[in-house]
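*Asks:* Dropping the structure in here first, questions after.
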Amino acid sequence: MKFQAKCNMRNQTIFAIPTRNTNQNTQWFTNQNTQQLTNRNIQQFSNVSIYTSITAVNVISKRNFKAHWVAPTLRELKRRKVIEDDLNGGPKIFHRSTFLEWNYDAEIFAFSNRLGEKFNDLSLRAALTHKSYIERETARLSDIGVESNLQFQDNEALSQKGGELLSKFTNGYLRAVFTQVPEELIRAMHDFLTSNPTLETVARHIGLGDLMLCADFPCKTETYVKSFKAIVAALAESSGEERARIFVQDLVVTQLYGQDVNELWNPVDPVGNLTAILKREGKAEPEFRLIRQAGSNSILGVYYVGLYSDKNFISEGAGESLEVAKEMAAREALKKFFRTEDSMRALPFGRQLKNIQSKIAQLENQPNIPLSEWISEKVMSAVH
């Protein structure tokens, strides 16, 4: 027989309840045996303390309780904030100058040190001052009856000069690195690097948005671009063109990293251009041969075309039709001629350009051979 002891703390009595055992017959005790067992258990439990010893500590009572209306209210406020942001085109952004700890002189000093360059203070401040800021401040002072005699210089002249330097430095790098490509591809890469989206991305990442003095905020793309070009000109005036050239190579030219340069230039007639190049080099016209195909009777058909000249294999291309496959094969052949294949060497940056800086400076005003005159002999003679 097994027993389970239960204790009624209110009446301070303990009684035993018999449990049924499936292997043996159950026997029920009389009231007398139950009373004897109860007395024995009471004496046993009276000698045992039910409380454990607790070390005295400093306890500060704290009530972790929030009213039932708090959570619904917070959810409603968040919902209204999302609706307001959607109506205003996004969350409202405040300029850093509205903060209490704003110190423009300290920010200017920190900016030049972050870039690791030495700027003339007046040139740097002029490069960061937009014409709209001077016009706004002049109008504000006139409205309150104060003579507007602001000693500010805008960045119009610096921006124009910086744009010319930026274009020259970019062309020098591209012509020194891509020695065998035609000038049309150089121009396409140059246009990508000096485009407004690229320069705006660079200007945002170096923190010009918090330093520019302009009437519009958030600043427009044109404001970012103009200020960045002015920064290049200010650096050239302060530390020389050599430092400005390295500055452009480190911040602007590196935007080519991860880009397929062949996608930046889309020749109008790849097959015609390839035929003209082979003819100028004294080779036979390109001959296209179907290598293999799959799914020609479905909408997912693919064709592989090989390009030959004088029975020599040059390249191959794939496409959803024979015409597309021929064009892709011609593009692959042009990549081999221009040394811009997918397996081309990585572009040199940073310290890798130390030994060719003089070459870059020489090629800034010396264009590559145009596509209409491109042949390998001219390219090799120009390189050497």
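By order of appearance in the structure tokens: chains A, B, ..., then residues from 1 within every chain, and ligands from 1 in the order shown.
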Once DSSP has gone over the backbone, tell me which residues of region 119-207 of chain A are in helix (DSSP H, G or I), as a ChimeraX atom specification.
*Replies:* /A:121-127,131-143,156-177,183-193,196-205
*Asks:* So how many Å separate CA of Asn120 (chain A) and CA of Leu166 (chain A), to one decimal?
*Replies:* 19.1 Å
*Asks:* Which of these residues is nearest to Arg140 (chain A), using only C-alpha atoms: A:Lys168, A:Lys66, A:Ala215, A:Lys118?
*Replies:*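 Answer, going by the shortest atom-to-atom distance: A:Ala215.
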*Asks:* Can you pull out the residues contacting region 206-212 of chain A? Cut-off 9 Å, using only C-alpha atoms, and skip same-chain residues under 3 positions away; I want them as an mmCIF file with all heavy atoms, in the first residue's frame.
*Replies:*
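Saved result, out.cif, follows:
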```
data_model
loop_
_atom_site.group_PDB
_atom_site.id
_atom_site.type_symbol
_atom_site.label_atom_id
_atom_site.label_comp_id
_atom_site.auth_asym_id
_atom_site.auth_seq_id
_atom_site.Cartn_x
_atom_site.Cartn_y
_atom_site.Cartn_z
ATOM 1 N N HIS A 95 18.965 69.819 -39.907
ATOM 2 C CA HIS A 95 20.367 70.111 -40.175
ATOM 3 C C HIS A 95 21.155 70.091 -38.878
ATOM 4 O O HIS A 95 20.633 70.408 -37.803
ATOM 5 C CB HIS A 95 20.495 71.482 -40.857
ATOM 6 C CG HIS A 95 21.823 71.699 -41.510
ATOM 7 N ND1 HIS A 95 22.925 72.138 -40.816
ATOM 8 C CD2 HIS A 95 22.237 71.519 -42.791
ATOM 9 C CE1 HIS A 95 23.958 72.237 -41.636
ATOM 10 N NE2 HIS A 95 23.563 71.865 -42.848
ATOM 11 N N ARG A 96 22.410 69.693 -38.992
ATOM 12 C CA ARG A 96 23.251 69.621 -37.795
ATOM 13 C C ARG A 96 23.435 70.981 -37.137
ATOM 14 O O ARG A 96 23.701 71.059 -35.938
ATOM 15 C CB ARG A 96 24.627 69.050 -38.165
ATOM 16 C CG ARG A 96 24.645 67.568 -38.393
ATOM 17 C CD ARG A 96 24.771 66.776 -37.101
ATOM 18 N NE ARG A 96 26.081 66.921 -36.507
ATOM 19 C CZ ARG A 96 26.330 67.495 -35.339
ATOM 20 N NH1 ARG A 96 25.345 68.004 -34.631
ATOM 21 N NH2 ARG A 96 27.554 67.576 -34.864
ATOM 22 N N SER A 97 23.296 72.036 -37.882
ATOM 23 C CA SER A 97 23.482 73.375 -37.301
ATOM 24 C C SER A 97 22.378 73.727 -36.314
ATOM 25 O O SER A 97 22.526 74.682 -35.545
ATOM 26 C CB SER A 97 23.535 74.427 -38.413
ATOM 27 O OG SER A 97 22.331 74.429 -39.161
ATOM 28 N N TYR A 104 30.754 75.336 -36.099
ATOM 29 C CA TYR A 104 31.131 75.247 -37.509
ATOM 30 C C TYR A 104 32.644 75.253 -37.681
ATOM 31 O O TYR A 104 33.179 74.538 -38.532
ATOM 32 C CB TYR A 104 30.507 76.400 -38.286
ATOM 33 C CG TYR A 104 30.627 76.254 -39.782
ATOM 34 C CD1 TYR A 104 29.926 75.266 -40.461
ATOM 35 C CD2 TYR A 104 31.446 77.101 -40.530
ATOM 36 C CE1 TYR A 104 30.036 75.117 -41.823
ATOM 37 C CE2 TYR A 104 31.558 76.962 -41.898
ATOM 38 C CZ TYR A 104 30.857 75.960 -42.544
ATOM 39 O OH TYR A 104 30.968 75.810 -43.899
ATOM 40 N N GLU A 107 33.880 71.843 -36.959
ATOM 41 C CA GLU A 107 33.495 70.908 -38.015
ATOM 42 C C GLU A 107 34.388 71.067 -39.246
ATOM 43 O O GLU A 107 34.755 70.071 -39.897
ATOM 44 C CB GLU A 107 32.027 71.132 -38.400
ATOM 45 C CG GLU A 107 31.029 70.816 -37.305
ATOM 46 C CD GLU A 107 30.949 69.341 -36.998
ATOM 47 O OE1 GLU A 107 31.343 68.535 -37.864
ATOM 48 O OE2 GLU A 107 30.504 68.989 -35.886
ATOM 49 N N ILE A 108 34.730 72.294 -39.587
ATOM 50 C CA ILE A 108 35.631 72.534 -40.721
ATOM 51 C C ILE A 108 36.997 71.926 -40.461
ATOM 52 O O ILE A 108 37.605 71.276 -41.329
ATOM 53 C CB ILE A 108 35.747 74.050 -40.985
ATOM 54 C CG1 ILE A 108 34.429 74.597 -41.548
ATOM 55 C CG2 ILE A 108 36.896 74.348 -41.931
ATOM 56 C CD1 ILE A 108 34.130 74.137 -42.945
ATOM 57 N N PHE A 111 36.757 68.152 -40.684
ATOM 58 C CA PHE A 111 36.552 67.687 -42.061
ATOM 59 C C PHE A 111 37.887 67.542 -42.800
ATOM 60 O O PHE A 111 38.153 66.515 -43.442
ATOM 61 C CB PHE A 111 35.643 68.662 -42.799
ATOM 62 C CG PHE A 111 35.497 68.384 -44.259
ATOM 63 C CD1 PHE A 111 34.725 67.325 -44.707
ATOM 64 C CD2 PHE A 111 36.122 69.185 -45.199
ATOM 65 C CE1 PHE A 111 34.590 67.053 -46.054
ATOM 66 C CE2 PHE A 111 35.991 68.926 -46.556
ATOM 67 C CZ PHE A 111 35.225 67.861 -46.982
ATOM 68 N N ARG A 114 39.756 64.563 -41.411
ATOM 69 C CA ARG A 114 39.201 63.280 -41.829
ATOM 70 C C ARG A 114 39.687 62.901 -43.219
ATOM 71 O O ARG A 114 39.967 61.730 -43.497
ATOM 72 C CB ARG A 114 37.665 63.330 -41.833
ATOM 73 C CG ARG A 114 37.019 63.186 -40.473
ATOM 74 C CD ARG A 114 35.559 62.787 -40.616
ATOM 75 N NE ARG A 114 34.821 63.661 -41.492
ATOM 76 C CZ ARG A 114 34.163 64.753 -41.115
ATOM 77 N NH1 ARG A 114 34.190 65.104 -39.832
ATOM 78 N NH2 ARG A 114 33.498 65.480 -41.981
ATOM 79 N N LEU A 115 39.776 63.868 -44.098
ATOM 80 C CA LEU A 115 40.258 63.600 -45.452
ATOM 81 C C LEU A 115 41.768 63.447 -45.507
ATOM 82 O O LEU A 115 42.304 62.945 -46.508
ATOM 83 C CB LEU A 115 39.829 64.735 -46.386
ATOM 84 C CG LEU A 115 38.318 64.911 -46.596
ATOM 85 C CD1 LEU A 115 38.056 66.068 -47.537
ATOM 86 C CD2 LEU A 115 37.691 63.646 -47.130
ATOM 87 N N ARG A 125 36.205 77.365 -46.884
ATOM 88 C CA ARG A 125 34.917 77.967 -46.543
ATOM 89 C C ARG A 125 34.192 78.464 -47.794
ATOM 90 O O ARG A 125 32.964 78.349 -47.896
ATOM 91 C CB ARG A 125 35.126 79.114 -45.553
ATOM 92 C CG ARG A 125 35.571 78.651 -44.166
ATOM 93 C CD ARG A 125 35.845 79.829 -43.257
ATOM 94 N NE ARG A 125 36.333 79.380 -41.958
ATOM 95 C CZ ARG A 125 35.547 79.103 -40.912
ATOM 96 N NH1 ARG A 125 34.218 79.250 -41.030
ATOM 97 N NH2 ARG A 125 36.054 78.702 -39.767
ATOM 98 N N ALA A 127 34.477 77.135 -50.755
ATOM 99 C CA ALA A 127 34.011 75.958 -51.497
ATOM 100 C C ALA A 127 32.728 75.391 -50.922
ATOM 101 O O ALA A 127 31.941 74.766 -51.643
ATOM 102 C CB ALA A 127 35.101 74.889 -51.498
ATOM 103 N N LEU A 128 32.481 75.623 -49.645
ATOM 104 C CA LEU A 128 31.282 75.087 -48.996
ATOM 105 C C LEU A 128 30.142 76.090 -48.934
ATOM 106 O O LEU A 128 29.096 75.783 -48.350
ATOM 107 C CB LEU A 128 31.632 74.628 -47.570
ATOM 108 C CG LEU A 128 32.640 73.476 -47.469
ATOM 109 C CD1 LEU A 128 33.030 73.248 -46.023
ATOM 110 C CD2 LEU A 128 32.058 72.216 -48.082
ATOM 111 N N THR A 129 30.297 77.264 -49.502
ATOM 112 C CA THR A 129 29.267 78.304 -49.456
ATOM 113 C C THR A 129 28.589 78.411 -50.807
ATOM 114 O O THR A 129 29.228 78.761 -51.809
ATOM 115 C CB THR A 129 29.876 79.659 -49.060
ATOM 116 O OG1 THR A 129 30.563 79.521 -47.809
ATOM 117 C CG2 THR A 129 28.785 80.711 -48.921
ATOM 118 N N HIS A 130 27.314 78.109 -50.846
ATOM 119 C CA HIS A 130 26.542 78.185 -52.087
ATOM 120 C C HIS A 130 25.970 79.589 -52.252
ATOM 121 O O HIS A 130 25.735 80.312 -51.286
ATOM 122 C CB HIS A 130 25.413 77.146 -52.076
ATOM 123 C CG HIS A 130 24.811 76.897 -53.409
ATOM 124 N ND1 HIS A 130 23.618 77.450 -53.806
ATOM 125 C CD2 HIS A 130 25.250 76.171 -54.460
ATOM 126 C CE1 HIS A 130 23.332 77.056 -55.033
ATOM 127 N NE2 HIS A 130 24.312 76.281 -55.457
ATOM 128 N N THR A 201 27.059 60.764 -54.647
ATOM 129 C CA THR A 201 27.346 59.661 -53.722
ATOM 130 C C THR A 201 28.651 59.900 -52.978
ATOM 131 O O THR A 201 28.731 59.711 -51.753
ATOM 132 C CB THR A 201 27.419 58.335 -54.496
ATOM 133 O OG1 THR A 201 26.174 58.112 -55.162
ATOM 134 C CG2 THR A 201 27.715 57.179 -53.563
ATOM 135 N N VAL A 202 29.674 60.339 -53.695
ATOM 136 C CA VAL A 202 30.964 60.611 -53.051
ATOM 137 C C VAL A 202 30.832 61.762 -52.054
ATOM 138 O O VAL A 202 31.354 61.694 -50.929
ATOM 139 C CB VAL A 202 32.026 60.919 -54.117
ATOM 140 C CG1 VAL A 202 33.351 61.296 -53.463
ATOM 141 C CG2 VAL A 202 32.222 59.729 -55.046
ATOM 142 N N ALA A 203 30.135 62.828 -52.468
ATOM 143 C CA ALA A 203 29.987 63.992 -51.583
ATOM 144 C C ALA A 203 29.217 63.642 -50.314
ATOM 145 O O ALA A 203 29.546 64.118 -49.217
ATOM 146 C CB ALA A 203 29.277 65.119 -52.341
ATOM 147 N N PHE A 217 17.444 72.506 -47.844
ATOM 148 C CA PHE A 217 17.802 71.350 -47.031
ATOM 149 C C PHE A 217 16.595 70.419 -46.944
ATOM 150 O O PHE A 217 15.493 70.882 -46.637
ATOM 151 C CB PHE A 217 18.236 71.763 -45.616
ATOM 152 C CG PHE A 217 18.742 70.610 -44.800
ATOM 153 C CD1 PHE A 217 20.035 70.156 -44.957
ATOM 154 C CD2 PHE A 217 17.897 69.955 -43.911
ATOM 155 C CE1 PHE A 217 20.493 69.084 -44.218
ATOM 156 C CE2 PHE A 217 18.351 68.884 -43.172
ATOM 157 C CZ PHE A 217 19.654 68.450 -43.321
ATOM 158 N N PRO A 218 16.761 69.133 -47.243
ATOM 159 C CA PRO A 218 17.979 68.460 -47.683
ATOM 160 C C PRO A 218 18.511 69.022 -49.000
ATOM 161 O O PRO A 218 17.738 69.441 -49.855
ATOM 162 C CB PRO A 218 17.546 67.002 -47.842
ATOM 163 C CG PRO A 218 16.299 66.865 -47.054
ATOM 164 C CD PRO A 218 15.636 68.186 -47.114
ATOM 165 N N CYS A 219 19.822 69.004 -49.129
ATOM 166 C CA CYS A 219 20.468 69.641 -50.272
ATOM 167 C C CYS A 219 20.149 68.891 -51.563
ATOM 168 O O CYS A 219 19.991 67.671 -51.576
ATOM 169 C CB CYS A 219 21.978 69.693 -50.054
ATOM 170 S SG CYS A 219 22.476 70.543 -48.542
ATOM 171 N N THR A 223 23.646 70.875 -55.827
ATOM 172 C CA THR A 223 24.416 71.531 -54.769
ATOM 173 C C THR A 223 25.563 70.649 -54.298
ATOM 174 O O THR A 223 26.689 71.123 -54.075
ATOM 175 C CB THR A 223 23.489 71.873 -53.591
ATOM 176 O OG1 THR A 223 22.359 72.609 -54.068
ATOM 177 C CG2 THR A 223 24.226 72.710 -52.558
ATOM 178 N N TYR A 224 25.300 69.354 -54.143
ATOM 179 C CA TYR A 224 26.364 68.422 -53.760
ATOM 180 C C TYR A 224 27.477 68.399 -54.805
ATOM 181 O O TYR A 224 28.673 68.455 -54.471
ATOM 182 C CB TYR A 224 25.791 67.019 -53.600
ATOM 183 C CG TYR A 224 25.172 66.730 -52.259
ATOM 184 C CD1 TYR A 224 23.799 66.646 -52.107
ATOM 185 C CD2 TYR A 224 25.973 66.531 -51.136
ATOM 186 C CE1 TYR A 224 23.227 66.369 -50.876
ATOM 187 C CE2 TYR A 224 25.410 66.257 -49.899
ATOM 188 C CZ TYR A 224 24.043 66.174 -49.779
ATOM 189 O OH TYR A 224 23.484 65.903 -48.558
ATOM 190 N N SER A 227 29.543 71.662 -54.883
ATOM 191 C CA SER A 227 30.422 71.794 -53.714
ATOM 192 C C SER A 227 31.605 70.838 -53.797
ATOM 193 O O SER A 227 32.729 71.187 -53.425
ATOM 194 C CB SER A 227 29.631 71.537 -52.428
ATOM 195 O OG SER A 227 28.605 72.489 -52.266
ATOM 196 N N PHE A 228 31.365 69.612 -54.296
ATOM 197 C CA PHE A 228 32.482 68.667 -54.395
ATOM 198 C C PHE A 228 33.512 69.144 -55.409
ATOM 199 O O PHE A 228 34.727 69.030 -55.170
ATOM 200 C CB PHE A 228 31.960 67.285 -54.784
ATOM 201 C CG PHE A 228 33.038 66.245 -54.872
ATOM 202 C CD1 PHE A 228 33.562 65.671 -53.728
ATOM 203 C CD2 PHE A 228 33.549 65.856 -56.103
ATOM 204 C CE1 PHE A 228 34.568 64.721 -53.806
ATOM 205 C CE2 PHE A 228 34.552 64.912 -56.189
ATOM 206 C CZ PHE A 228 35.062 64.348 -55.034
#
```
*Asks:* Out of A:Tyr308, A:Phe99, A:Phe119, A:Phe338, which residue has the shortest atom-to-atom distance to Lys283 (chain A) when counting only C-alpha atoms?
*Replies:*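 The shortest atom-to-atom distance to Lys283 (chain A) comes from A:Tyr308.
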*Asks:* Taking the chain letters and numbering used in this document, name the residues of region 99-327 of chain A that DSSP puts in strand (DSSP E), as a list in words.
*Replies:*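 Taking region 99-327 of chain A and keeping strand (DSSP E) only, one gets Glu287, Phe288, Arg289, Leu290, Ile291, Arg292, Gln293, Ala294, Val302, Tyr303, Tyr304, Val305, Gly306, Leu307, Tyr308, Ser309, Asn312, Phe313, Ile314, Ser315, Glu316, Gly317, Ala318 and Gly319 of chain A.
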*Asks:* Between CA of Gly319 (chain A) and CA of Ala294 (chain A), what distance in Å does the model show, to one decimal?
*Replies:*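 Computed distance, CA of Gly319 (chain A) to CA of Ala294 (chain A), equals 10.8 Å.
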